[in-house]
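**Student:** Sharing my_file_33.txt, compact mmCIF, C-alpha atoms (C1' of nucleotides):
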```txt
# COMPACT_ATOMS: atom_id res chain seq x y z
CA MET A 232 225.02 175.33 5.21
CA GLY A 233 222.88 173.71 7.94
CA THR A 234 219.20 173.02 7.59
CA ARG A 235 216.96 175.06 5.34
CA GLN A 236 215.01 176.33 8.31
CA GLU A 237 217.97 178.07 9.88
CA ILE A 238 218.27 180.26 6.84
CA SER A 239 214.67 180.98 5.97
CA GLU A 240 213.44 181.64 9.50
CA LEU A 241 215.24 184.94 9.84
CA PRO A 242 212.54 187.54 10.45
CA PRO A 243 212.30 190.37 7.90
CA GLU A 244 213.18 192.98 10.49
CA ALA A 245 216.28 191.18 11.75
CA ASP A 246 218.74 193.87 10.73
CA LEU A 247 216.53 196.70 11.91
CA ALA A 248 217.01 195.77 15.52
CA ARG A 249 219.82 198.19 16.22
CA ALA A 250 219.02 201.86 15.77
CA ASP A 251 222.49 202.59 14.42
CA SER A 252 222.60 199.84 11.81
CA LEU A 253 222.94 200.52 8.13
CA ALA A 254 219.64 198.77 7.49
CA ARG A 255 217.94 201.16 9.86
CA GLU A 256 219.48 204.15 8.16
CA ILE A 257 218.34 202.99 4.75
CA PHE A 258 214.91 202.19 6.09
CA SER A 259 214.66 205.75 7.38
CA ASP A 260 215.74 207.04 3.99
CA ILE A 261 212.87 205.41 2.16
CA ALA A 262 210.19 205.36 4.86
CA ASN A 263 208.94 208.89 4.29
CA LYS A 264 206.01 210.00 2.27
CA TRP A 265 207.82 211.91 -0.47
CA ALA A 266 210.26 209.13 -1.26
CA LEU A 267 207.50 206.54 -1.40
CA LEU A 268 205.22 208.71 -3.50
CA ILE A 269 208.03 209.34 -5.95
CA ILE A 270 208.72 205.62 -6.22
CA GLU A 271 205.04 205.01 -6.82
CA PHE A 272 204.62 207.61 -9.54
CA VAL A 273 207.89 207.03 -11.35
CA GLY A 274 206.94 203.37 -11.24
CA GLN A 275 203.94 204.11 -13.41
CA ARG A 276 206.19 205.29 -16.20
CA THR A 277 209.35 207.25 -16.89
CA MET A 278 208.69 210.86 -16.05
CA ARG A 279 210.25 214.26 -16.38
CA PHE A 280 210.93 216.53 -13.43
CA SER A 281 207.92 218.77 -13.97
CA GLU A 282 205.62 215.90 -14.86
CA LEU A 283 206.53 214.29 -11.58
CA ARG A 284 205.97 217.54 -9.75
CA ASP A 285 202.49 217.86 -11.24
CA ALA A 286 201.63 214.19 -10.79
CA ILE A 287 202.53 214.14 -7.12
CA GLY A 288 201.07 217.52 -6.34
CA GLY A 289 201.77 219.42 -3.16
CA ILE A 290 205.50 218.78 -3.24
CA SER A 291 207.83 221.74 -3.44
CA HIS A 292 210.54 222.13 -6.02
CA LYS A 293 213.15 221.75 -3.34
CA MET A 294 211.77 218.60 -1.72
CA LEU A 295 211.38 216.92 -5.09
CA THR A 296 214.99 217.62 -6.08
CA GLN A 297 216.27 216.59 -2.69
CA ASN A 298 214.38 213.31 -2.61
CA LEU A 299 215.27 212.49 -6.20
CA ARG A 300 218.94 212.89 -5.31
CA THR A 301 218.68 210.61 -2.33
CA LEU A 302 216.85 207.99 -4.35
CA GLU A 303 219.43 208.23 -7.08
CA ARG A 304 222.28 207.98 -4.62
CA ASN A 305 220.75 204.81 -3.20
CA GLY A 306 220.38 203.35 -6.67
CA LEU A 307 216.59 203.30 -6.80
CA ILE A 308 216.16 205.62 -9.75
CA VAL A 309 218.27 206.66 -12.72
CA ARG A 310 218.49 210.21 -13.93
CA LYS A 311 218.88 210.72 -17.66
CA VAL A 312 219.73 214.16 -19.00
CA HIS A 313 218.96 214.92 -22.65
CA ALA A 314 221.32 217.55 -24.01
CA THR A 315 218.61 219.66 -25.56
CA VAL A 316 217.52 223.18 -24.95
CA PRO A 317 215.56 223.53 -22.87
CA PRO A 318 216.97 220.61 -20.91
CA ARG A 319 214.92 217.47 -20.56
CA VAL A 320 215.56 215.21 -17.58
CA GLU A 321 213.87 211.87 -17.21
CA TYR A 322 213.65 209.63 -14.18
CA THR A 323 213.18 205.87 -14.28
CA LEU A 324 213.17 203.13 -11.67
CA THR A 325 216.10 200.77 -11.45
CA GLU A 326 215.53 197.09 -10.83
CA ALA A 327 215.87 197.68 -7.10
CA GLY A 328 213.47 200.59 -7.32
CA ALA A 329 210.94 198.48 -9.20
CA ALA A 330 211.20 195.81 -6.53
CA LEU A 331 210.46 198.41 -3.88
CA ARG A 332 207.58 199.67 -5.93
CA THR A 333 205.75 196.39 -5.59
CA VAL A 334 205.94 196.87 -1.84
CA VAL A 335 204.68 200.44 -2.09
CA ASP A 336 201.87 199.22 -4.29
CA GLY A 337 200.89 196.97 -1.44
CA MET A 338 200.84 199.96 0.86
CA CYS A 339 198.67 201.94 -1.54
CA GLY A 340 196.33 198.99 -1.84
CA TRP A 341 196.18 198.64 1.92
CA THR A 342 195.28 202.31 2.26
CA GLN A 343 192.40 201.96 -0.17
CA GLU A 344 191.09 198.78 1.39
CA HIS A 345 191.08 200.22 4.89
CA LEU A 346 189.81 203.73 4.22
CA ALA A 347 186.39 202.97 5.68
CA HIS A 348 187.80 201.22 8.72
CA ILE A 349 190.12 204.12 9.46
CA GLU A 350 187.43 206.74 9.03
CA ALA A 351 185.17 204.82 11.39
CA SER A 352 187.94 204.42 13.93
CA ARG A 353 188.66 208.12 13.84
CA ARG A 354 185.06 209.03 14.50
CA GLU A 355 184.89 206.81 17.56
CA PHE A 356 188.19 207.92 18.98
CA PRO A 357 187.80 210.20 22.02
CA SER A 358 189.34 213.38 20.75
CA MET B 251 178.15 195.37 -11.06
CA GLY B 252 179.76 195.39 -14.51
CA THR B 253 182.62 193.17 -15.64
CA ARG B 254 185.23 191.92 -13.26
CA GLN B 255 187.97 193.76 -15.12
CA GLU B 256 186.50 197.17 -14.50
CA ILE B 257 186.84 196.58 -10.80
CA SER B 258 190.19 194.86 -10.58
CA GLU B 259 192.07 197.08 -13.01
CA LEU B 260 192.12 200.09 -10.73
CA PRO B 261 195.78 200.86 -10.01
CA PRO B 262 196.82 200.69 -6.35
CA GLU B 263 197.65 204.36 -6.25
CA ALA B 264 194.37 205.52 -7.79
CA ASP B 265 193.16 207.47 -4.79
CA LEU B 266 196.53 208.99 -4.09
CA ALA B 267 196.39 211.10 -7.20
CA ARG B 268 195.06 214.22 -5.50
CA ALA B 269 197.23 215.73 -2.82
CA ASP B 270 194.23 216.71 -0.74
CA SER B 271 192.47 213.35 -0.77
CA LEU B 272 191.78 211.38 2.37
CA ALA B 273 193.83 208.50 1.03
CA ARG B 274 196.79 210.81 0.68
CA GLU B 275 196.38 212.06 4.21
CA ILE B 276 196.27 208.54 5.62
CA PHE B 277 199.21 207.53 3.46
CA SER B 278 201.18 210.39 4.95
CA ASP B 279 200.17 209.30 8.43
CA ILE B 280 201.68 205.85 8.06
CA ALA B 281 204.53 206.56 5.66
CA ASN B 282 206.99 207.71 8.28
CA LYS B 283 209.72 205.71 9.89
CA TRP B 284 208.43 205.71 13.48
CA ALA B 285 204.94 204.56 12.58
CA LEU B 286 206.27 201.77 10.37
CA LEU B 287 208.84 200.65 12.90
CA ILE B 288 206.18 200.51 15.61
CA ILE B 289 203.93 198.44 13.37
CA GLU B 290 206.81 196.11 12.67
CA PHE B 291 207.84 195.59 16.28
CA VAL B 292 204.36 195.37 17.76
CA GLY B 293 203.64 192.89 15.00
CA GLN B 294 206.24 190.56 16.45
CA ARG B 295 204.24 190.27 19.63
CA THR B 296 202.16 192.27 22.07
CA MET B 297 204.45 194.69 23.84
CA ARG B 298 204.45 197.10 26.73
CA PHE B 299 205.36 200.74 26.36
CA SER B 300 208.88 200.43 27.70
CA GLU B 301 209.54 197.16 25.90
CA LEU B 302 208.63 198.88 22.67
CA ARG B 303 210.84 201.82 23.54
CA ASP B 304 213.80 199.51 24.13
CA ALA B 305 213.07 197.33 21.12
CA ILE B 306 212.92 200.23 18.70
CA GLY B 307 215.79 202.16 20.18
CA GLY B 308 216.55 205.77 19.40
CA ILE B 309 212.97 206.91 19.78
CA SER B 310 212.12 209.44 22.46
CA HIS B 311 209.43 208.95 25.05
CA LYS B 312 207.40 211.70 23.47
CA MET B 313 207.60 210.48 19.89
CA LEU B 314 206.62 206.98 20.92
CA THR B 315 203.55 208.21 22.78
CA GLN B 316 202.59 210.51 19.96
CA ASN B 317 202.88 207.89 17.25
CA LEU B 318 201.11 205.27 19.34
CA ARG B 319 198.16 207.65 19.72
CA THR B 320 197.96 208.31 16.00
CA LEU B 321 198.11 204.59 15.24
CA GLU B 322 195.41 203.93 17.82
CA ARG B 323 193.24 206.69 16.46
CA ASN B 324 193.49 205.19 12.99
CA GLY B 325 192.55 201.77 14.34
CA LEU B 326 195.88 200.04 13.67
CA ILE B 327 196.72 199.16 17.25
CA VAL B 328 194.75 198.62 20.43
CA ARG B 329 195.86 199.91 23.78
CA LYS B 330 195.04 197.78 26.81
CA VAL B 331 195.55 199.19 30.29
CA HIS B 332 195.86 196.75 33.18
CA ALA B 333 194.64 198.30 36.42
CA THR B 334 197.65 197.27 38.43
CA VAL B 335 200.25 199.23 40.27
CA PRO B 336 202.52 200.07 38.72
CA PRO B 337 200.36 200.36 35.59
CA ARG B 338 200.92 197.97 32.75
CA VAL B 339 199.93 199.04 29.24
CA GLU B 340 200.09 196.65 26.33
CA TYR B 341 199.87 197.36 22.64
CA THR B 342 198.64 194.91 20.02
CA LEU B 343 197.93 195.12 16.32
CA THR B 344 194.37 195.15 15.09
CA GLU B 345 193.39 193.18 12.02
CA ALA B 346 194.03 196.23 9.87
CA GLY B 347 197.37 196.75 11.57
CA ALA B 348 198.35 193.15 10.97
CA ALA B 349 197.47 193.55 7.31
CA LEU B 350 199.72 196.57 7.09
CA ARG B 351 202.42 194.65 8.86
CA THR B 352 202.70 192.19 6.00
CA VAL B 353 203.43 195.15 3.75
CA VAL B 354 206.03 196.52 6.15
CA ASP B 355 207.58 193.08 6.33
CA GLY B 356 208.00 193.31 2.59
CA MET B 357 209.76 196.62 3.04
CA CYS B 358 212.08 195.20 5.68
CA GLY B 359 212.81 192.25 3.45
CA TRP B 360 213.51 194.56 0.55
CA THR B 361 215.95 196.56 2.65
CA GLN B 362 217.88 193.44 3.59
CA GLU B 363 217.97 192.08 0.09
CA HIS B 364 219.26 195.31 -1.41
CA LEU B 365 221.76 196.36 1.24
CA ALA B 366 224.72 195.44 -0.92
CA HIS B 367 223.30 197.11 -4.01
CA ILE B 368 222.64 200.31 -2.09
CA GLU B 369 226.06 200.40 -0.49
CA ALA B 370 227.66 199.93 -3.89
CA SER B 371 225.52 202.64 -5.42
CA ARG B 372 226.45 205.05 -2.67
CA ARG B 373 230.16 204.49 -3.15
CA GLU B 374 229.92 205.25 -6.85
CA PHE B 375 227.75 208.30 -6.45
CA PRO B 376 229.65 211.56 -7.01
CA SER B 377 229.28 213.13 -3.63
C1' DC C 124 213.07 223.28 -18.11
C1' DT C 125 215.91 221.85 -14.41
C1' DG C 126 218.90 222.73 -10.75
C1' DT C 127 221.42 225.18 -6.90
C1' DA C 128 221.61 228.44 -3.20
C1' DT C 129 219.75 231.30 0.38
C1' DC C 130 216.70 232.90 3.73
C1' DC C 131 213.44 232.11 7.24
C1' DG C 132 209.15 230.54 9.67
C1' DC C 133 207.17 226.88 11.71
C1' DA C 134 206.60 222.21 12.92
C1' DT C 135 208.86 218.43 14.70
C1' DT C 136 211.59 216.66 18.23
C1' DG C 137 214.13 216.06 22.52
C1' DA C 138 214.93 217.12 27.36
C1' DT C 139 212.96 217.89 31.62
C1' DA C 140 209.71 217.96 35.20
C1' DC C 141 205.52 216.57 37.23
C1' DT C 142 201.04 213.50 37.84
C1' DG C 143 198.46 209.16 38.58
C1' DC D 140 205.51 202.31 34.68
C1' DA D 141 203.04 205.20 31.65
C1' DG D 142 201.45 209.57 30.35
C1' DT D 143 200.99 214.68 29.93
C1' DA D 144 202.80 219.27 29.72
C1' DT D 145 206.09 222.73 28.84
C1' DC D 146 210.07 224.83 26.86
C1' DA D 147 213.86 225.32 23.83
C1' DA D 148 216.39 224.11 19.75
C1' DT D 149 217.15 222.09 15.59
C1' DG D 150 216.13 221.26 11.12
C1' DC D 151 212.63 220.39 7.79
C1' DG D 152 210.37 222.38 4.18
C1' DG D 153 208.54 226.43 1.44
C1' DA D 154 209.39 230.64 -1.10
C1' DT D 155 212.32 233.14 -3.81
C1' DA D 156 216.02 234.36 -6.76
C1' DC D 157 219.33 233.20 -10.00
C1' DA D 158 222.20 230.16 -13.15
C1' DG D 159 222.91 226.71 -17.01
```
Give the structure from the file, written as structure tokens.
**Tutor:**
Amino acid sequence: MGTRQEISELPPEADLARADSLAREIFSDIANKWALLIIEFVGQRTMRFSELRDAIGGISHKMLTQNLRTLERNGLIVRKVHATVPPRVEYTLTEAGAALRTVVDGMCGWTQEHLAHIEASRREFPS
Amino acid sequence: MGTRQEISELPPEADLARADSLAREIFSDIANKWALLIIEFVGQRTMRFSELRDAIGGISHKMLTQNLRTLERNGLIVRKVHATVPPRVEYTLTEAGAALRTVVDGMCGWTQEHLAHIEASRREFPS
DNA sequence: CTGTATCCGCATTGATACTG
DNA sequence: CAGTATCAATGCGGATACAG
């Protein structure tokens, strides 16, 4: 197995080096605002389709459906349909999704912490 | 200032609740694959324009320029022009950019760790 | 309520050419 | 080498209608 260093020193972006790698494709799948916002909000608690729509705000019916499907396909959320009328569909994070959520939390936290810095930077930037 | 709890218990996504908030706008600015990939690669070391282009791969000249400007405007990277001929332009992360990089690292790490899970999930998903 | 399908405008993106 | 500008095309994303 070699030394411990050889294993642990792999940089986190190692597999993202090639543009055509699977890692890159997956990265592109999740690195967009709708996907990340969905992860963040569903992470708060299990939510229904319309609850999610209202919570996120500004997302169209179509984009929400589309992103939910992609997330489900990648195993980040589970979709549970209750056979009632009217139908009730609930979305929950999987373990993998929850793990990603901690990362997204970090991103949300970063945004809050650097709001002032960013605003200042924008004002000084020569338009 | 009140109790410590009142301050620390704010959820990381607090300011992202409204779709028209500044936090949301900034979140949207950085939550896209090119911006995050640039942060990740520039975070490895200071890089020139063409180095970055080659390192990332699959990004067009125009998109790279465009995203670099947005990142600069938001104070995440600094652009240093060396008055030589031919010109030499180097990009480096600011402190804020470096802070974001640790988050992006987490995202890269997450991608690597869950590659197998995602592949498996995709195979089982009814296309 | 939730989901699928369609249409269509507009923004994003790439290719190309030109400047410093 | 790095950047800007322009043009054309693709596809994202919204609105709408309809089905289960």
**Student:** Take chain A, lay it over chain B with a least-squares fit on all the Cα atoms in order, then hand it over as a PDB file with C-alpha atoms, keeping the file's coordinate frame.
**Tutor:**
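Output file superposed13.pdb follows:
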```pdb
ATOM      1  CA  MET A 232     178.473 195.449 -12.203  1.00  0.00           C
ATOM      2  CA  GLY A 233     180.155 195.460 -15.642  1.00  0.00           C
ATOM      3  CA  THR A 234     183.044 193.241 -16.574  1.00  0.00           C
ATOM      4  CA  ARG A 235     185.500 191.933 -14.025  1.00  0.00           C
ATOM      5  CA  GLN A 236     188.307 193.886 -15.619  1.00  0.00           C
ATOM      6  CA  GLU A 237     186.728 197.253 -14.965  1.00  0.00           C
ATOM      7  CA  ILE A 238     186.863 196.576 -11.270  1.00  0.00           C
ATOM      8  CA  SER A 239     190.198 194.861 -10.856  1.00  0.00           C
ATOM      9  CA  GLU A 240     192.206 197.149 -13.123  1.00  0.00           C
ATOM     10  CA  LEU A 241     192.105 200.089 -10.758  1.00  0.00           C
ATOM     11  CA  PRO A 242     195.725 200.880  -9.926  1.00  0.00           C
ATOM     12  CA  PRO A 243     196.702 200.685  -6.241  1.00  0.00           C
ATOM     13  CA  GLU A 244     197.520 204.373  -6.108  1.00  0.00           C
ATOM     14  CA  ALA A 245     194.230 205.509  -7.632  1.00  0.00           C
ATOM     15  CA  ASP A 246     193.037 207.438  -4.601  1.00  0.00           C
ATOM     16  CA  LEU A 247     196.427 208.965  -3.918  1.00  0.00           C
ATOM     17  CA  ALA A 248     196.250 211.107  -7.002  1.00  0.00           C
ATOM     18  CA  ARG A 249     194.941 214.210  -5.299  1.00  0.00           C
ATOM     19  CA  ALA A 250     197.155 215.712  -2.624  1.00  0.00           C
ATOM     20  CA  ASP A 251     194.162 216.696  -0.509  1.00  0.00           C
ATOM     21  CA  SER A 252     192.405 213.335  -0.534  1.00  0.00           C
ATOM     22  CA  LEU A 253     191.736 211.349   2.585  1.00  0.00           C
ATOM     23  CA  ALA A 254     193.779 208.471   1.204  1.00  0.00           C
ATOM     24  CA  ARG A 255     196.742 210.776   0.847  1.00  0.00           C
ATOM     25  CA  GLU A 256     196.369 212.020   4.384  1.00  0.00           C
ATOM     26  CA  ILE A 257     196.260 208.507   5.770  1.00  0.00           C
ATOM     27  CA  PHE A 258     199.185 207.492   3.622  1.00  0.00           C
ATOM     28  CA  SER A 259     201.178 210.361   5.104  1.00  0.00           C
ATOM     29  CA  ASP A 260     200.172 209.249   8.578  1.00  0.00           C
ATOM     30  CA  ILE A 261     201.672 205.807   8.199  1.00  0.00           C
ATOM     31  CA  ALA A 262     204.504 206.488   5.752  1.00  0.00           C
ATOM     32  CA  ASN A 263     207.033 207.633   8.329  1.00  0.00           C
ATOM     33  CA  LYS A 264     209.738 205.643   9.948  1.00  0.00           C
ATOM     34  CA  TRP A 265     208.472 205.654  13.529  1.00  0.00           C
ATOM     35  CA  ALA A 266     204.971 204.523  12.650  1.00  0.00           C
ATOM     36  CA  LEU A 267     206.264 201.726  10.447  1.00  0.00           C
ATOM     37  CA  LEU A 268     208.838 200.581  12.972  1.00  0.00           C
ATOM     38  CA  ILE A 269     206.187 200.467  15.665  1.00  0.00           C
ATOM     39  CA  ILE A 270     203.920 198.394  13.442  1.00  0.00           C
ATOM     40  CA  GLU A 271     206.798 196.050  12.740  1.00  0.00           C
ATOM     41  CA  PHE A 272     207.804 195.526  16.353  1.00  0.00           C
ATOM     42  CA  VAL A 273     204.339 195.339  17.856  1.00  0.00           C
ATOM     43  CA  GLY A 274     203.614 192.861  15.091  1.00  0.00           C
ATOM     44  CA  GLN A 275     206.194 190.520  16.549  1.00  0.00           C
ATOM     45  CA  ARG A 276     204.214 190.256  19.751  1.00  0.00           C
ATOM     46  CA  THR A 277     202.146 192.283  22.183  1.00  0.00           C
ATOM     47  CA  MET A 278     204.443 194.697  23.937  1.00  0.00           C
ATOM     48  CA  ARG A 279     204.476 197.132  26.795  1.00  0.00           C
ATOM     49  CA  PHE A 280     205.389 200.784  26.404  1.00  0.00           C
ATOM     50  CA  SER A 281     208.920 200.440  27.740  1.00  0.00           C
ATOM     51  CA  GLU A 282     209.550 197.160  25.960  1.00  0.00           C
ATOM     52  CA  LEU A 283     208.640 198.860  22.726  1.00  0.00           C
ATOM     53  CA  ARG A 284     210.871 201.786  23.555  1.00  0.00           C
ATOM     54  CA  ASP A 285     213.815 199.461  24.155  1.00  0.00           C
ATOM     55  CA  ALA A 286     213.068 197.249  21.162  1.00  0.00           C
ATOM     56  CA  ILE A 287     212.912 200.128  18.719  1.00  0.00           C
ATOM     57  CA  GLY A 288     215.805 202.023  20.203  1.00  0.00           C
ATOM     58  CA  GLY A 289     216.581 205.624  19.401  1.00  0.00           C
ATOM     59  CA  ILE A 290     212.995 206.788  19.735  1.00  0.00           C
ATOM     60  CA  SER A 291     212.181 209.384  22.348  1.00  0.00           C
ATOM     61  CA  HIS A 292     209.492 208.998  24.950  1.00  0.00           C
ATOM     62  CA  LYS A 293     207.504 211.734  23.305  1.00  0.00           C
ATOM     63  CA  MET A 294     207.652 210.409  19.745  1.00  0.00           C
ATOM     64  CA  LEU A 295     206.663 206.939  20.891  1.00  0.00           C
ATOM     65  CA  THR A 296     203.598 208.213  22.759  1.00  0.00           C
ATOM     66  CA  GLN A 297     202.633 210.487  19.915  1.00  0.00           C
ATOM     67  CA  ASN A 298     202.897 207.809  17.251  1.00  0.00           C
ATOM     68  CA  LEU A 299     201.110 205.240  19.386  1.00  0.00           C
ATOM     69  CA  ARG A 300     198.201 207.656  19.738  1.00  0.00           C
ATOM     70  CA  THR A 301     197.981 208.256  16.031  1.00  0.00           C
ATOM     71  CA  LEU A 302     198.100 204.547  15.308  1.00  0.00           C
ATOM     72  CA  GLU A 303     195.433 203.914  17.887  1.00  0.00           C
ATOM     73  CA  ARG A 304     193.250 206.678  16.532  1.00  0.00           C
ATOM     74  CA  ASN A 305     193.486 205.140  13.070  1.00  0.00           C
ATOM     75  CA  GLY A 306     192.556 201.739  14.441  1.00  0.00           C
ATOM     76  CA  LEU A 307     195.859 199.999  13.771  1.00  0.00           C
ATOM     77  CA  ILE A 308     196.711 199.148  17.352  1.00  0.00           C
ATOM     78  CA  VAL A 309     194.763 198.619  20.557  1.00  0.00           C
ATOM     79  CA  ARG A 310     195.886 199.964  23.880  1.00  0.00           C
ATOM     80  CA  LYS A 311     195.091 197.866  26.928  1.00  0.00           C
ATOM     81  CA  VAL A 312     195.587 199.326  30.388  1.00  0.00           C
ATOM     82  CA  HIS A 313     195.938 196.933  33.328  1.00  0.00           C
ATOM     83  CA  ALA A 314     194.747 198.551  36.537  1.00  0.00           C
ATOM     84  CA  THR A 315     197.774 197.564  38.552  1.00  0.00           C
ATOM     85  CA  VAL A 316     200.370 199.583  40.323  1.00  0.00           C
ATOM     86  CA  PRO A 317     202.628 200.381  38.723  1.00  0.00           C
ATOM     87  CA  PRO A 318     200.472 200.618  35.617  1.00  0.00           C
ATOM     88  CA  ARG A 319     200.987 198.139  32.828  1.00  0.00           C
ATOM     89  CA  VAL A 320     199.981 199.136  29.308  1.00  0.00           C
ATOM     90  CA  GLU A 321     200.095 196.707  26.437  1.00  0.00           C
ATOM     91  CA  TYR A 322     199.866 197.382  22.731  1.00  0.00           C
ATOM     92  CA  THR A 323     198.636 194.906  20.138  1.00  0.00           C
ATOM     93  CA  LEU A 324     197.929 195.088  16.425  1.00  0.00           C
ATOM     94  CA  THR A 325     194.360 195.108  15.217  1.00  0.00           C
ATOM     95  CA  GLU A 326     193.383 193.131  12.152  1.00  0.00           C
ATOM     96  CA  ALA A 327     194.009 196.187   9.998  1.00  0.00           C
ATOM     97  CA  GLY A 328     197.349 196.717  11.684  1.00  0.00           C
ATOM     98  CA  ALA A 329     198.332 193.104  11.077  1.00  0.00           C
ATOM     99  CA  ALA A 330     197.428 193.485   7.421  1.00  0.00           C
ATOM    100  CA  LEU A 331     199.684 196.516   7.195  1.00  0.00           C
ATOM    101  CA  ARG A 332     202.404 194.614   8.947  1.00  0.00           C
ATOM    102  CA  THR A 333     202.663 192.141   6.112  1.00  0.00           C
ATOM    103  CA  VAL A 334     203.378 195.082   3.839  1.00  0.00           C
ATOM    104  CA  VAL A 335     205.991 196.466   6.216  1.00  0.00           C
ATOM    105  CA  ASP A 336     207.549 193.036   6.390  1.00  0.00           C
ATOM    106  CA  GLY A 337     207.955 193.256   2.657  1.00  0.00           C
ATOM    107  CA  MET A 338     209.707 196.571   3.076  1.00  0.00           C
ATOM    108  CA  CYS A 339     212.048 195.154   5.703  1.00  0.00           C
ATOM    109  CA  GLY A 340     212.785 192.216   3.447  1.00  0.00           C
ATOM    110  CA  TRP A 341     213.443 194.532   0.533  1.00  0.00           C
ATOM    111  CA  THR A 342     215.887 196.535   2.633  1.00  0.00           C
ATOM    112  CA  GLN A 343     217.842 193.427   3.551  1.00  0.00           C
ATOM    113  CA  GLU A 344     217.904 192.073   0.026  1.00  0.00           C
ATOM    114  CA  HIS A 345     219.167 195.321  -1.453  1.00  0.00           C
ATOM    115  CA  LEU A 346     221.687 196.376   1.177  1.00  0.00           C
ATOM    116  CA  ALA A 347     224.642 195.472  -1.026  1.00  0.00           C
ATOM    117  CA  HIS A 348     223.187 197.138  -4.091  1.00  0.00           C
ATOM    118  CA  ILE A 349     222.525 200.341  -2.182  1.00  0.00           C
ATOM    119  CA  GLU A 350     225.958 200.432  -0.602  1.00  0.00           C
ATOM    120  CA  ALA A 351     227.549 199.962  -4.010  1.00  0.00           C
ATOM    121  CA  SER A 352     225.386 202.658  -5.539  1.00  0.00           C
ATOM    122  CA  ARG A 353     226.335 205.075  -2.805  1.00  0.00           C
ATOM    123  CA  ARG A 354     230.028 204.524  -3.337  1.00  0.00           C
ATOM    124  CA  GLU A 355     229.768 205.252  -7.042  1.00  0.00           C
ATOM    125  CA  PHE A 356     227.589 208.291  -6.648  1.00  0.00           C
ATOM    126  CA  PRO A 357     229.468 211.553  -7.301  1.00  0.00           C
ATOM    127  CA  SER A 358     229.255 213.204  -3.936  1.00  0.00           C
TER     128      SER A 358
END
```
**Student:** Set the cut-off to 10 Å and count all atoms listed in the file: what are the residues of chain D that reach chain A? Output as a ChimeraX atom specification.
**Tutor:** /D:151-154,159
**Student:** Between CA of Val339 in chain B and CA of Thr315 in chain B, what is the spacing in Å?
**Tutor:**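 Distance reported for this atom pair: 11.8 Å.
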**Student:** Could you please select, counting all atoms listed in the file, the residues of chain B within 7 Å of chain A and state them as number ranges by chain?
**Tutor:** B: 262-263, 267-269, 273, 277-278, 281-283, 306-308, 323-325, 350, 353, 355-362, 368, 371-372, 375
**Student:** In Å to one decimal, how far is CA of Arg279 in chain A from CA of Glu321 in chain A?
**Tutor:**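 Interatomic distance here is 4.4 Å.
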**Student:** In Å, how far is it from CA of Asn298 in chain A to CA of Leu302 in chain B?
**Tutor:**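 If I compute the distance from CA of Asn298 in chain A to CA of Leu302 in chain B, I get 29.7 Å.
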**Student:** Could you write out as a list in words the residues of chain C within 10 Å of chain B, counting all atoms listed in the file?
**Tutor:** DT135, DT136, DG137, DA138 and DG143 of chain C
**Student:** Would you be able to write out as JSON, numbers by chain which residues have an atom within 12 Å of (223.9, 230.8, 0.8) in the file's coordinates, counting all atoms listed in the file?
**Tutor:** {"C": [127, 128, 129, 130], "D": [156, 157]}
**Student:** Around all the atoms of range 153-157 of chain D listed in the file, with 6 Å of room on each side, what axis-aligned box do you get, giving centre and edge lengths in Å to one decimal, as JSON?
**Tutor:**
```
{"center_x": 213.9, "center_y": 230.4, "center_z": -4.3, "size_x": 22.8, "size_y": 19.9, "size_z": 23.4}
```
